[in-house]
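The structure appears right after this line, and notes come after that.
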Amino acid sequence: MEILQDHEQIISMPRIGDKAPDFKAVTTQGDINFPSDYKGEWVILFSHPADFTPVCTSEFITFAHLEDKFDKANCKLVGLSIDGLYSHIAWLRTIKEKIEFNGMKNIEVKFPLIEDIAMKVAKKYGMIQPDESKTQAVRAVFFIDPKSMIRAIIYYPLSLGRNFDEIYRALIAMQTSDEFEVATPADWNPGDDVIISPAGSCGIAEERMTSTDELNCKDWFFCTKPLGKKEVLDKILKKPKLLVR
Ligand code: BEZ
């Protein structure tokens, strides 16, 4: 989607259901081709306003601390800000050497951080929202699935650090929807009941209301069923590698 702003600048805004726009970029982990390098796995592409800023630093420490947890859910992380490569490298070194946040310290950021000084990627992904800042990206989070489709987008303003429990919860909920063909209700977490698709005919509506099986129908259009936490996590999370002697 392209939006014409008052200042006549065309801003592209990818939407849920779109294929993730392609780009090549230089990162702190070498060059990447996006999204093709990530085909077959989930990837979270996220932007932050600037290196060497406090909210961003707290977010990077938290994301890097959780990187293994996301990897176990078959999800890679890719960051971006409108800064150059050497600034990124210097900032990540400072984070590792000097900064402790919420008990996390000596944190090495191993996922790629894109340099986007020319704002090419930021503009393609609608990360520049000029009434918030014309030169810094907002805090955008794009969830991209193994087929390179955009599945969810969250935007936060510059002053608000993200909630990483929610980012992880949303990832697991979408993977659960894909694997078990269900939807997930408000505040769902693995182990909670899931929602089955609404009845598409009067006959099915009647069947649902009179059924005695495991369905719990609050009304004909709102039926849930149990789905165990172990069943969900066994299906979604990578299996631990066995040590072979
Ligand atoms: C920060 O990360 O601390 C920050 C960045 C830009 C504006 C406000 C806060």
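Ordered as shown in the structure tokens, chains take letters A, B, and onward, while each chain numbers its residues from 1 and ligands are numbered from 1 in the order shown.
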Just the helix (DSSP H, G or I) stuff from range 80-187 of chain A, please, per backbone DSSP, written as a ChimeraX atom specification.
/A:85-98,120-124,164-180
Which residues form the shell of 7 Å around ligand 1 when you count only C-alpha atoms and all ligand atoms, given as a VMD selection string?
chain A and resid 49 to 50 53 to 57 158 to 159
Which is closest to Ala140 in chain A among A:Val78, A:His65, A:Val182, A:Asp234, if we use only C-alpha atoms?
A:Val78
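Between CA of Gly203 in chain A and CA of Ala183 in chain A lies a distance of 21.6 Å.
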DSSP on the backbone: which residues in range 7-163 of chain A end up as strand (DSSP E)? Give the answer as a ChimeraX atom specification.
/A:10-12,23-27,30-34,42-47,75-81,113-115,139-144,150-156
Write out as a ChimeraX atom specification which residues come within 10 Å of Gly191 in chain A when counting only C-alpha atoms, dropping same-chain ones fewer than 5 positions away.
/A:226-233
Take the residues just selected and output them with N, CA and C atoms as an mmCIF file, in the first residue's frame.
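Resulting contents of selection-v5.cif:
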data_model
loop_
_atom_site.group_PDB
_atom_site.id
_atom_site.type_symbol
_atom_site.label_atom_id
_atom_site.label_comp_id
_atom_site.auth_asym_id
_atom_site.auth_seq_id
_atom_site.Cartn_x
_atom_site.Cartn_y
_atom_site.Cartn_z
ATOM 1 N N PRO A 226 -10.166 -27.871 24.440
ATOM 2 C CA PRO A 226 -8.855 -27.897 25.098
ATOM 3 C C PRO A 226 -7.746 -28.249 24.118
ATOM 4 N N LEU A 227 -6.569 -27.719 24.338
ATOM 5 C CA LEU A 227 -5.381 -28.110 23.568
ATOM 6 C C LEU A 227 -4.212 -28.022 24.546
ATOM 7 N N GLY A 228 -3.667 -29.169 24.864
ATOM 8 C CA GLY A 228 -2.665 -29.248 25.946
ATOM 9 C C GLY A 228 -1.377 -28.495 25.606
ATOM 10 N N LYS A 229 -0.764 -27.969 26.646
ATOM 11 C CA LYS A 229 0.490 -27.220 26.474
ATOM 12 C C LYS A 229 1.569 -28.110 25.854
ATOM 13 N N LYS A 230 1.656 -29.367 26.328
ATOM 14 C CA LYS A 230 2.713 -30.257 25.823
ATOM 15 C C LYS A 230 2.493 -30.536 24.337
ATOM 16 N N GLU A 231 1.215 -30.762 23.970
ATOM 17 C CA GLU A 231 0.905 -31.047 22.551
ATOM 18 C C GLU A 231 1.339 -29.864 21.666
ATOM 19 N N VAL A 232 1.057 -28.661 22.147
ATOM 20 C CA VAL A 232 1.432 -27.460 21.379
ATOM 21 C C VAL A 232 2.956 -27.357 21.271
ATOM 22 N N LEU A 233 3.612 -27.418 22.423
ATOM 23 C CA LEU A 233 5.064 -27.166 22.409
ATOM 24 C C LEU A 233 5.829 -28.295 21.718
#
Within 10 Å of range 128-130 of chain A using only C-alpha atoms, minus same-chain residues under 5 positions, as a list in words:
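Skipping anything fewer than 5 positions along the chain leaves Gln5, His7, Gln9, Ile11, Ser12, Met13, Ser47, Pro49, Ile82, Met119, Val121, Ala122, Lys123, Thr135, Gln136, Ala137, Val138, Arg139, Ala140 and Pro157 of chain A.
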Hey, what's within 10 Å of Ile150 in chain A if we count only C-alpha atoms and toss same-chain stuff fewer than 2 positions away? As an mmCIF file with N, CA and C atoms, in the first residue's frame, please?
data_model
loop_
_atom_site.group_PDB
_atom_site.id
_atom_site.type_symbol
_atom_site.label_atom_id
_atom_site.label_comp_id
_atom_site.auth_asym_id
_atom_site.auth_seq_id
_atom_site.Cartn_x
_atom_site.Cartn_y
_atom_site.Cartn_z
ATOM 1 N N PRO A 14 3.849 -2.093 4.014
ATOM 2 C CA PRO A 14 3.421 -3.468 3.779
ATOM 3 C C PRO A 14 2.301 -3.825 4.766
ATOM 4 N N ARG A 15 1.437 -4.729 4.329
ATOM 5 C CA ARG A 15 0.300 -5.084 5.185
ATOM 6 C C ARG A 15 0.314 -6.572 5.500
ATOM 7 N N ILE A 16 -0.454 -6.960 6.509
ATOM 8 C CA ILE A 16 -0.620 -8.382 6.829
ATOM 9 C C ILE A 16 -1.145 -9.077 5.574
ATOM 10 N N GLY A 17 -0.537 -10.217 5.226
ATOM 11 C CA GLY A 17 -0.961 -10.957 4.035
ATOM 12 C C GLY A 17 -0.107 -10.660 2.815
ATOM 13 N N ASP A 18 0.680 -9.559 2.856
ATOM 14 C CA ASP A 18 1.594 -9.254 1.743
ATOM 15 C C ASP A 18 2.831 -10.138 1.848
ATOM 16 N N LYS A 19 3.483 -10.346 0.682
ATOM 17 C CA LYS A 19 4.806 -10.970 0.711
ATOM 18 C C LYS A 19 5.780 -9.921 1.277
ATOM 19 N N ALA A 20 6.692 -10.369 2.110
ATOM 20 C CA ALA A 20 7.659 -9.419 2.687
ATOM 21 C C ALA A 20 8.479 -8.782 1.565
ATOM 22 N N PRO A 21 8.511 -7.448 1.481
ATOM 23 C CA PRO A 21 9.300 -6.797 0.416
ATOM 24 C C PRO A 21 10.771 -7.232 0.459
ATOM 25 N N TRP A 42 10.545 -18.843 10.460
ATOM 26 C CA TRP A 42 9.959 -17.551 10.811
ATOM 27 C C TRP A 42 11.077 -16.541 11.009
ATOM 28 N N VAL A 43 10.779 -15.294 10.762
ATOM 29 C CA VAL A 43 11.754 -14.246 11.059
ATOM 30 C C VAL A 43 11.006 -13.027 11.589
ATOM 31 N N ILE A 44 11.581 -12.426 12.612
ATOM 32 C CA ILE A 44 11.053 -11.151 13.120
ATOM 33 C C ILE A 44 12.014 -10.059 12.678
ATOM 34 N N PHE A 142 7.819 -6.798 12.492
ATOM 35 C CA PHE A 142 7.165 -7.572 11.430
ATOM 36 C C PHE A 142 7.394 -9.053 11.690
ATOM 37 N N PHE A 143 6.314 -9.812 11.777
ATOM 38 C CA PHE A 143 6.404 -11.273 11.913
ATOM 39 C C PHE A 143 6.231 -11.845 10.509
ATOM 40 N N ILE A 144 7.238 -12.571 10.036
ATOM 41 C CA ILE A 144 7.225 -13.080 8.657
ATOM 42 C C ILE A 144 7.331 -14.601 8.723
ATOM 43 N N ASP A 145 6.435 -15.278 8.010
ATOM 44 C CA ASP A 145 6.342 -16.735 8.182
ATOM 45 C C ASP A 145 7.291 -17.478 7.232
ATOM 46 N N PRO A 146 7.346 -18.807 7.311
ATOM 47 C CA PRO A 146 8.314 -19.565 6.491
ATOM 48 C C PRO A 146 8.083 -19.424 4.989
ATOM 49 N N LYS A 147 6.908 -18.935 4.578
ATOM 50 C CA LYS A 147 6.677 -18.686 3.146
ATOM 51 C C LYS A 147 6.923 -17.219 2.800
ATOM 52 N N SER A 148 7.550 -16.495 3.691
ATOM 53 C CA SER A 148 7.900 -15.067 3.503
ATOM 54 C C SER A 148 6.671 -14.157 3.449
ATOM 55 N N ALA A 152 1.956 -10.612 10.974
ATOM 56 C CA ALA A 152 1.509 -9.657 12.007
ATOM 57 C C ALA A 152 2.485 -8.496 12.020
ATOM 58 N N ILE A 153 1.971 -7.340 12.412
ATOM 59 C CA ILE A 153 2.809 -6.128 12.496
ATOM 60 C C ILE A 153 2.433 -5.409 13.788
#
Contact residues around Ile196 in chain A with only C-alpha atoms at 9 Å, ignoring same-chain residues under 5 positions, as a ChimeraX atom specification
/A:181-184,215,222-225
Taking 3 positions as the minimum chain separation for residues in the same chain, which residues sit within 8 Å of Leu80 in chain A when counting only C-alpha atoms? Answer as a PyMOL selection string.
chain A and resi 45-48+113-116+122
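Straight-line separation from CA of Leu237 in chain A to CA of Thr28 in chain A: 27.2 Å.
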